[in-house]
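Chemist: Data: entry11.txt, compact mmCIF, C-alpha atoms.
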# COMPACT_ATOMS: atom_id res chain seq x y z
CA MET A 1 -25.84 -6.27 22.00
CA SER A 2 -28.55 -8.89 22.06
CA LEU A 3 -27.88 -12.63 22.09
CA GLU A 4 -29.30 -12.80 18.58
CA ASP A 5 -26.76 -10.22 17.39
CA LYS A 6 -23.90 -12.04 19.15
CA ALA A 7 -24.84 -15.26 17.39
CA ALA A 8 -24.08 -13.62 14.05
CA TYR A 9 -20.42 -13.18 15.09
CA GLN A 10 -17.67 -15.77 15.19
CA LEU A 11 -14.04 -15.30 16.23
CA ARG A 12 -11.55 -17.89 15.02
CA LYS A 13 -7.95 -18.37 14.04
CA LEU A 14 -7.47 -17.50 10.39
CA THR A 15 -6.52 -20.20 7.88
CA LEU A 16 -4.81 -20.06 4.51
CA ASP A 17 -8.24 -19.87 2.89
CA ASP A 18 -8.74 -16.53 4.68
CA VAL A 19 -5.57 -14.88 3.34
CA PRO A 20 -7.25 -12.82 0.57
CA ASP A 21 -9.86 -11.41 2.97
CA TYR A 22 -7.24 -10.85 5.68
CA ARG A 23 -4.99 -8.96 3.25
CA ARG A 24 -7.92 -6.82 2.08
CA LEU A 25 -8.99 -5.94 5.64
CA ARG A 26 -5.45 -5.24 6.85
CA LEU A 27 -4.84 -2.90 3.91
CA GLU A 28 -8.19 -1.21 4.58
CA ALA A 29 -7.12 -0.57 8.18
CA LEU A 30 -3.82 0.95 7.11
CA ARG A 31 -5.41 3.08 4.39
CA LEU A 32 -8.19 4.43 6.62
CA HIS A 33 -6.14 4.84 9.82
CA PRO A 34 -2.48 5.49 8.92
CA GLY A 35 -1.81 7.07 12.29
CA PHE A 36 -2.69 4.02 14.38
CA PHE A 37 -0.31 1.42 12.97
CA MET A 38 3.48 1.12 12.83
CA ARG A 39 3.52 0.00 9.22
CA SER A 40 2.18 1.98 6.31
CA TYR A 41 -0.28 1.01 3.63
CA GLU A 42 2.51 1.38 1.06
CA GLN A 43 4.82 -0.98 2.99
CA GLU A 44 2.17 -3.66 3.33
CA CYS A 45 1.19 -3.41 -0.35
CA THR A 46 4.69 -4.65 -1.24
CA LEU A 47 4.32 -7.90 0.73
CA SER A 48 4.38 -11.07 -1.34
CA PRO A 49 1.61 -13.69 -1.19
CA GLU A 50 4.06 -15.84 0.81
CA ASP A 51 4.52 -13.02 3.36
CA TRP A 52 0.75 -12.84 3.88
CA GLU A 53 0.53 -16.61 4.23
CA LEU A 54 3.36 -16.64 6.76
CA ARG A 55 1.34 -14.33 8.99
CA ILE A 56 -1.23 -17.12 9.17
CA THR A 57 1.05 -20.18 9.33
CA ASP A 58 3.97 -18.96 11.49
CA GLY A 59 3.92 -21.02 14.69
CA ASP A 60 5.09 -18.06 16.81
CA ARG A 61 2.10 -16.01 15.80
CA CYS A 62 -1.66 -16.32 15.82
CA THR A 63 -3.91 -14.17 13.68
CA PHE A 64 -7.60 -14.13 14.55
CA GLY A 65 -10.50 -13.01 12.44
CA LEU A 66 -13.88 -11.79 13.59
CA PHE A 67 -16.62 -12.74 11.16
CA PHE A 68 -20.09 -11.24 10.96
CA GLU A 69 -22.12 -13.95 9.36
CA LYS A 70 -19.49 -15.00 6.77
CA GLU A 71 -17.78 -11.64 6.26
CA LEU A 72 -14.42 -10.84 7.87
CA VAL A 73 -14.99 -7.58 9.77
CA GLY A 74 -12.16 -7.58 12.31
CA ILE A 75 -8.61 -8.83 12.78
CA THR A 76 -6.10 -9.06 15.57
CA ALA A 77 -2.84 -10.90 16.13
CA ILE A 78 -0.38 -11.96 18.79
CA ILE A 79 3.30 -12.68 18.26
CA ALA A 80 5.36 -14.74 20.71
CA GLU A 81 8.99 -13.86 21.25
CA GLY A 82 10.66 -15.84 24.01
CA GLU A 83 8.56 -15.47 27.16
CA LYS A 84 6.80 -12.36 25.85
CA GLY A 85 3.79 -11.92 23.59
CA TYR A 86 3.02 -8.80 21.57
CA LEU A 87 -0.54 -7.84 20.70
CA THR A 88 -0.74 -6.33 17.24
CA GLN A 89 -2.80 -5.52 14.12
CA THR A 90 -6.14 -4.96 15.82
CA TYR A 91 -8.81 -3.51 13.56
CA LEU A 92 -12.60 -3.63 13.57
CA ARG A 93 -14.73 -2.04 10.89
CA ALA A 94 -16.51 1.08 12.13
CA GLU A 95 -20.04 -0.31 11.78
CA HIS A 96 -19.17 -3.11 14.25
CA ARG A 97 -17.57 -0.94 16.93
CA GLY A 98 -19.29 -0.10 20.21
CA ARG A 99 -20.63 -3.63 20.69
CA HIS A 100 -17.96 -4.85 23.14
CA LEU A 101 -16.50 -7.17 20.51
CA SER A 102 -12.91 -6.23 21.39
CA ARG A 103 -13.42 -8.37 24.49
CA TRP A 104 -13.26 -11.41 22.24
CA PHE A 105 -9.96 -10.19 20.77
CA TYR A 106 -8.38 -9.80 24.22
CA GLU A 107 -9.73 -13.11 25.55
CA ALA A 108 -8.51 -15.08 22.51
CA ARG A 109 -5.01 -13.59 22.54
CA ILE A 110 -4.60 -13.99 26.29
CA ALA A 111 -5.80 -17.62 26.11
CA TRP A 112 -3.36 -18.32 23.25
CA ALA A 113 -0.50 -16.78 25.27
CA ARG A 114 -1.34 -18.86 28.33
CA GLU A 115 -1.52 -22.05 26.26
CA ARG A 116 2.00 -21.29 24.99
CA GLY A 117 3.25 -20.64 28.52
CA LEU A 118 4.18 -17.00 27.94
CA SER A 119 5.04 -14.97 31.05
CA PHE A 120 3.64 -11.62 29.99
CA LEU A 121 2.05 -9.65 27.18
CA GLU A 122 2.90 -6.25 25.84
CA VAL A 123 0.76 -3.91 23.78
CA ALA A 124 1.43 -0.37 22.59
CA HIS A 125 -0.49 2.51 21.05
CA ARG A 126 -0.08 6.09 19.97
CA ALA A 127 -0.47 8.43 22.93
CA SER A 128 -3.49 10.18 21.42
CA ASN A 129 -5.35 6.90 20.87
CA ILE A 130 -7.35 7.20 24.07
CA VAL A 131 -9.76 4.39 23.15
CA SER A 132 -6.92 1.89 22.80
CA GLY A 133 -5.39 2.97 26.10
CA ALA A 134 -8.70 2.59 27.92
CA ALA A 135 -9.29 -0.86 26.43
CA ASN A 136 -5.80 -2.04 27.38
CA GLN A 137 -6.30 -0.93 30.97
CA HIS A 138 -9.79 -2.43 31.12
CA TYR A 139 -8.29 -5.85 30.32
CA GLY A 140 -5.65 -5.59 33.04
CA PHE A 141 -2.69 -4.10 31.20
CA CYS A 142 -0.65 -1.58 33.21
CA PHE A 143 1.27 1.32 31.73
CA SER A 144 4.94 0.40 31.48
CA TYR A 145 6.89 3.04 29.54
CA ALA A 146 6.78 5.51 26.64
CA VAL A 147 9.15 6.14 23.73
CA PRO A 148 9.22 8.89 21.10
CA GLN A 149 7.90 7.62 17.78
CA GLN A 150 7.70 8.82 14.20
CA TRP A 151 4.43 7.49 12.75
CA PRO A 152 3.73 6.46 9.14
CA ASP A 153 1.28 9.38 8.78
CA GLY A 154 4.19 11.78 9.43
CA GLY A 155 3.26 12.62 13.00
CA ALA A 156 5.69 12.48 15.90
CA GLU A 157 4.09 11.32 19.13
CA GLU A 158 4.95 8.97 21.97
CA MET A 159 4.22 5.27 21.78
CA LEU A 160 2.79 4.11 25.11
CA TYR A 161 3.55 0.53 26.18
CA TYR A 162 1.44 -1.57 28.53
CA ARG A 163 2.17 -4.92 30.15
CA LEU A 164 0.07 -7.77 31.48
CA GLU A 165 1.64 -10.40 33.70
CA LEU A 166 0.32 -13.89 33.00
Just give me the structure of the file as C-alpha cells.
Modeler:
Amino acid sequence: MSLEDKAAYQLRKLTLDDVPDYRRLRLEALRLHPGFFMRSYEQECTLSPEDWELRITDGDRCTFGLFFEKELVGITAIIAEGEKGYLTQTYLRAEHRGRHLSRWFYEARIAWARERGLSFLEVAHRASNIVSGAANQHYGFCFSYAVPQQWPDGGAEEMLYYRLEL
C-alpha cells in the first residue's frame, strides 16, 4: 500500500458519536461471517442502545475503529480482566483486506494492554480460520490450548487459543 493510500486511513478509539456506525458494522460482520464469531447476529440484534454504548464507555474495554476517509470500515476490541486482556470483535470489510491494516489493530490493542499494565493477552479463533491463526502468530502469539466449541452457524469445531506475554 502506498503512503498516499495509508494517509486515507485512521485508527482511533471509538466514541459515543460512533455507536450507530459501530453497531452497523458489527452486525454486518456477524451477518456475513456467522462462523467466525462467538455471538450470533440474532443475539447482537437484541442489544439495547445502552449495551452498545457500554461497549464504548466501559473502562475495562477499548473498542477501536478503522476509518477510510470518514467511513468506518473496520473494528476491533480488547477487554481487560484482571491481569489478562482478550482480543475480540475484529472485522475488516473485504475491500480493505490484504493491505496489512490488521497490523494497526494488533499494535493498538497491545499498546492499550501495556498502558494498563496487563501481564498477557489471549486471542482465540475457529480452527479452520487459518488467516486468523497466521496473523496471531505473526504478531508473537503462541498456541496455548484448544477446546471443543459449538459455533453460532451450527458447526462444531475446536476453538484455538493463543497467548502473548507482555
Chemist: Give me, as a CSV table (one decimal) with C-alpha atoms, in the coordinates of the input, all polymer residues having an atom no more than 12 Å from A:Tyr41, counting all atoms listed in the file and skipping those fewer than 6 positions away in the same chain.
Modeler:
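So out-v9.csv came out as:
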chain,number,residue,atom,x,y,z
A,23,ARG,CA,-5.0,-9.0,3.2
A,24,ARG,CA,-7.9,-6.8,2.1
A,25,LEU,CA,-9.0,-5.9,5.6
A,26,ARG,CA,-5.4,-5.2,6.8
A,27,LEU,CA,-4.8,-2.9,3.9
A,28,GLU,CA,-8.2,-1.2,4.6
A,29,ALA,CA,-7.1,-0.6,8.2
A,30,LEU,CA,-3.8,1.0,7.1
A,31,ARG,CA,-5.4,3.1,4.4
A,32,LEU,CA,-8.2,4.4,6.6
A,33,HIS,CA,-6.1,4.8,9.8
A,34,PRO,CA,-2.5,5.5,8.9
A,35,GLY,CA,-1.8,7.1,12.3
A,47,LEU,CA,4.3,-7.9,0.7
A,152,PRO,CA,3.7,6.5,9.1
A,153,ASP,CA,1.3,9.4,8.8
Chemist: Could you tell me how far atom CA of A:Pro20 lies from atom CA of A:Glu44, in Å and to one decimal?
Modeler: 13.4 Å
Chemist: Between A:Tyr145, A:Trp112, A:Phe37, A:Trp151, which has the minimum distance to A:Asp60 (counting all atoms listed in the file)?
Modeler: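 Selected residue with least distance to A:Asp60: A:Trp112.
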Chemist: Report, in Å with one decimal, the straight-line distance from atom CA of A:Ala146 to atom CA of A:Glu81.
Modeler: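 Result for atom CA of A:Ala146 versus atom CA of A:Glu81: 20.2 Å, one decimal.
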Chemist: Find the residue from A:Arg99, A:His125, A:His138, A:Lys70 that sits nearest to A:Asp5; use only C-alpha atoms when measuring.
Modeler: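 Checking each candidate against A:Asp5, we get A:Arg99 as the closest.
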Chemist: To one decimal place, how far is atom CA of A:Cys45 from atom CA of A:Glu71 in Å?
Modeler: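 Interatomic distance, atom CA of A:Cys45 to atom CA of A:Glu71: 21.7 Å.
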Chemist: Taking only C-alpha atoms into account, which of A:Phe36, A:Phe120, A:Asp18, A:Leu54 comes nearest A:Glu158?
Modeler: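 With only C-alpha atoms as the atom set, the closest residue is A:Phe36.
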Chemist: Go through A:Ala80, A:Val19, A:Leu72, A:Ala8 and flag the residue nearest A:Ile56, using only C-alpha atoms for the distances.
Modeler: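 Going through A:Ala80, A:Val19, A:Leu72, A:Ala8 one by one, the smallest distance to A:Ile56 is for A:Val19.
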Chemist: If we count all atoms listed in the file, what is near A:Gly140 at a cut-off of 9 Å, once residues fewer than 6 positions away on the same chain are taken out, given as a list in words?
Modeler: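 Contacts, with the query itself left out: Arg163, Leu164 and Glu165 of chain A.
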Chemist: With all atoms listed in the file counted and 7 Å as the cut-off, give the residues of stretch 52-100 of chain A in contact with stretch 113-119 of chain A, each with its shortest interatomic distance in Å and the pair that gives it, as JSON lines.
Modeler:
{"residue": "A:Glu83", "atom": "CA", "partner": "A:Leu118", "partner_atom": "CA", "distance": 4.7}
{"residue": "A:Lys84", "atom": "CA", "partner": "A:Leu118", "partner_atom": "CA", "distance": 5.7}
{"residue": "A:Gly85", "atom": "CA", "partner": "A:Ala113", "partner_atom": "CA", "distance": 6.7}
Chemist: Quick one: everything within 10 Å of stretch 75-79 of chain A, counting only C-alpha atoms, minus sequence neighbours fewer than 6 positions away in the same chain. Send it as a PyMOL selection string.
Modeler: chain A and resi 11-14+22+25-26+29+55-56+58-67+85-93+102+105-106+108-110+112-113+121-123
Chemist: Mind working out the centre and edge lengths of an axis-aligned box for stretch 66-79 of chain A, all listed atoms inside, 6 Å added to each side, rounded to one decimal in Å and written as lines of an AutoDock Vina configuration file?
Modeler:
center_x = -9.4
center_y = -11.3
center_z = 12.5
size_x = 37.4
size_y = 19.4
size_z = 24.5
Chemist: Using only C-alpha atoms for the distances, tell me which of A:Leu16, A:Leu101, A:Val73, A:Ala7 is nearest to A:Ala135.
Modeler: A:Leu101
Chemist: Quick one: of A:Ser144, A:Thr57, A:Asn136, A:Gln149, who's nearest to A:Asp17, counting all atoms listed in the file?
Modeler: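 Of A:Ser144, A:Thr57, A:Asn136, A:Gln149, the one nearest A:Asp17 is A:Thr57, counting all atoms listed in the file.
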Chemist: Hey, could you patch up stretch 145-156 of chain A with all heavy atoms and hand it over as an mmCIF file, in the coordinates of the input?
Modeler:
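Output contents, as saved in part_38.cif:
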data_model
loop_
_atom_site.group_PDB
_atom_site.id
_atom_site.type_symbol
_atom_site.label_atom_id
_atom_site.label_comp_id
_atom_site.auth_asym_id
_atom_site.auth_seq_id
_atom_site.Cartn_x
_atom_site.Cartn_y
_atom_site.Cartn_z
ATOM 1 N N TYR A 145 5.933 1.999 29.931
ATOM 2 C CA TYR A 145 6.890 3.040 29.540
ATOM 3 C C TYR A 145 6.434 3.695 28.244
ATOM 4 O O TYR A 145 5.503 3.229 27.586
ATOM 5 C CB TYR A 145 8.304 2.477 29.394
ATOM 6 C CG TYR A 145 8.461 1.405 28.330
ATOM 7 C CD1 TYR A 145 8.925 1.720 27.065
ATOM 8 C CD2 TYR A 145 8.163 0.068 28.609
ATOM 9 C CE1 TYR A 145 9.069 0.739 26.092
ATOM 10 C CE2 TYR A 145 8.314 -0.917 27.646
ATOM 11 C CZ TYR A 145 8.771 -0.574 26.387
ATOM 12 O OH TYR A 145 8.914 -1.544 25.437
ATOM 13 N N ALA A 146 7.096 4.785 27.875
ATOM 14 C CA ALA A 146 6.780 5.510 26.640
ATOM 15 C C ALA A 146 8.079 5.792 25.884
ATOM 16 O O ALA A 146 9.135 5.976 26.500
ATOM 17 C CB ALA A 146 6.087 6.826 26.971
ATOM 18 N N VAL A 147 7.988 5.804 24.575
ATOM 19 C CA VAL A 147 9.150 6.140 23.730
ATOM 20 C C VAL A 147 8.687 7.093 22.621
ATOM 21 O O VAL A 147 7.553 6.979 22.130
ATOM 22 C CB VAL A 147 9.808 4.893 23.107
ATOM 23 C CG1 VAL A 147 10.402 3.998 24.166
ATOM 24 C CG2 VAL A 147 8.859 4.120 22.234
ATOM 25 N N PRO A 148 9.557 8.016 22.233
ATOM 26 C CA PRO A 148 9.220 8.890 21.100
ATOM 27 C C PRO A 148 9.064 8.033 19.834
ATOM 28 O O PRO A 148 9.768 7.039 19.663
ATOM 29 C CB PRO A 148 10.428 9.812 20.974
ATOM 30 C CG PRO A 148 11.204 9.655 22.236
ATOM 31 C CD PRO A 148 10.872 8.311 22.789
ATOM 32 N N GLN A 149 8.157 8.429 18.972
ATOM 33 C CA GLN A 149 7.900 7.620 17.780
ATOM 34 C C GLN A 149 7.544 8.509 16.596
ATOM 35 O O GLN A 149 6.767 9.455 16.747
ATOM 36 C CB GLN A 149 6.740 6.653 18.055
ATOM 37 C CG GLN A 149 6.401 5.737 16.929
ATOM 38 C CD GLN A 149 7.513 4.738 16.672
ATOM 39 O OE1 GLN A 149 8.018 4.109 17.594
ATOM 40 N NE2 GLN A 149 7.915 4.612 15.428
ATOM 41 N N GLN A 150 8.106 8.205 15.450
ATOM 42 C CA GLN A 150 7.700 8.820 14.200
ATOM 43 C C GLN A 150 6.691 7.866 13.553
ATOM 44 O O GLN A 150 6.998 6.701 13.345
ATOM 45 C CB GLN A 150 8.904 9.024 13.278
ATOM 46 C CG GLN A 150 8.611 9.802 12.018
ATOM 47 C CD GLN A 150 8.305 11.264 12.298
ATOM 48 O OE1 GLN A 150 8.900 11.885 13.177
ATOM 49 N NE2 GLN A 150 7.361 11.818 11.566
ATOM 50 N N TRP A 151 5.502 8.334 13.254
ATOM 51 C CA TRP A 151 4.430 7.490 12.750
ATOM 52 C C TRP A 151 4.349 7.544 11.229
ATOM 53 O O TRP A 151 4.754 8.535 10.624
ATOM 54 C CB TRP A 151 3.104 7.920 13.383
ATOM 55 C CG TRP A 151 3.103 7.627 14.845
ATOM 56 C CD1 TRP A 151 3.616 8.419 15.840
ATOM 57 C CD2 TRP A 151 2.655 6.442 15.471
ATOM 58 N NE1 TRP A 151 3.491 7.796 17.056
ATOM 59 C CE2 TRP A 151 2.898 6.577 16.856
ATOM 60 C CE3 TRP A 151 2.057 5.286 15.022
ATOM 61 C CZ2 TRP A 151 2.561 5.594 17.775
ATOM 62 C CZ3 TRP A 151 1.715 4.302 15.930
ATOM 63 C CH2 TRP A 151 1.965 4.470 17.293
ATOM 64 N N PRO A 152 3.816 6.494 10.607
ATOM 65 C CA PRO A 152 3.730 6.460 9.140
ATOM 66 C C PRO A 152 2.934 7.619 8.528
ATOM 67 O O PRO A 152 3.152 7.960 7.376
ATOM 68 C CB PRO A 152 3.019 5.123 8.854
ATOM 69 C CG PRO A 152 3.374 4.263 10.001
ATOM 70 C CD PRO A 152 3.417 5.201 11.186
ATOM 71 N N ASP A 153 2.040 8.248 9.307
ATOM 72 C CA ASP A 153 1.280 9.380 8.780
ATOM 73 C C ASP A 153 2.070 10.686 8.874
ATOM 74 O O ASP A 153 1.564 11.753 8.551
ATOM 75 C CB ASP A 153 -0.068 9.519 9.473
ATOM 76 C CG ASP A 153 0.045 9.909 10.946
ATOM 77 O OD1 ASP A 153 1.168 9.988 11.488
ATOM 78 O OD2 ASP A 153 -1.017 10.121 11.569
ATOM 79 N N GLY A 154 3.335 10.606 9.339
ATOM 80 C CA GLY A 154 4.190 11.780 9.430
ATOM 81 C C GLY A 154 4.212 12.429 10.801
ATOM 82 O O GLY A 154 5.049 13.289 11.063
ATOM 83 N N GLY A 155 3.320 12.039 11.673
ATOM 84 C CA GLY A 155 3.260 12.620 13.000
ATOM 85 C C GLY A 155 4.333 12.066 13.925
ATOM 86 O O GLY A 155 4.793 10.938 13.767
ATOM 87 N N ALA A 156 4.746 12.895 14.864
ATOM 88 C CA ALA A 156 5.690 12.480 15.900
ATOM 89 C C ALA A 156 4.946 12.543 17.233
ATOM 90 O O ALA A 156 4.454 13.604 17.623
ATOM 91 C CB ALA A 156 6.907 13.392 15.920
#
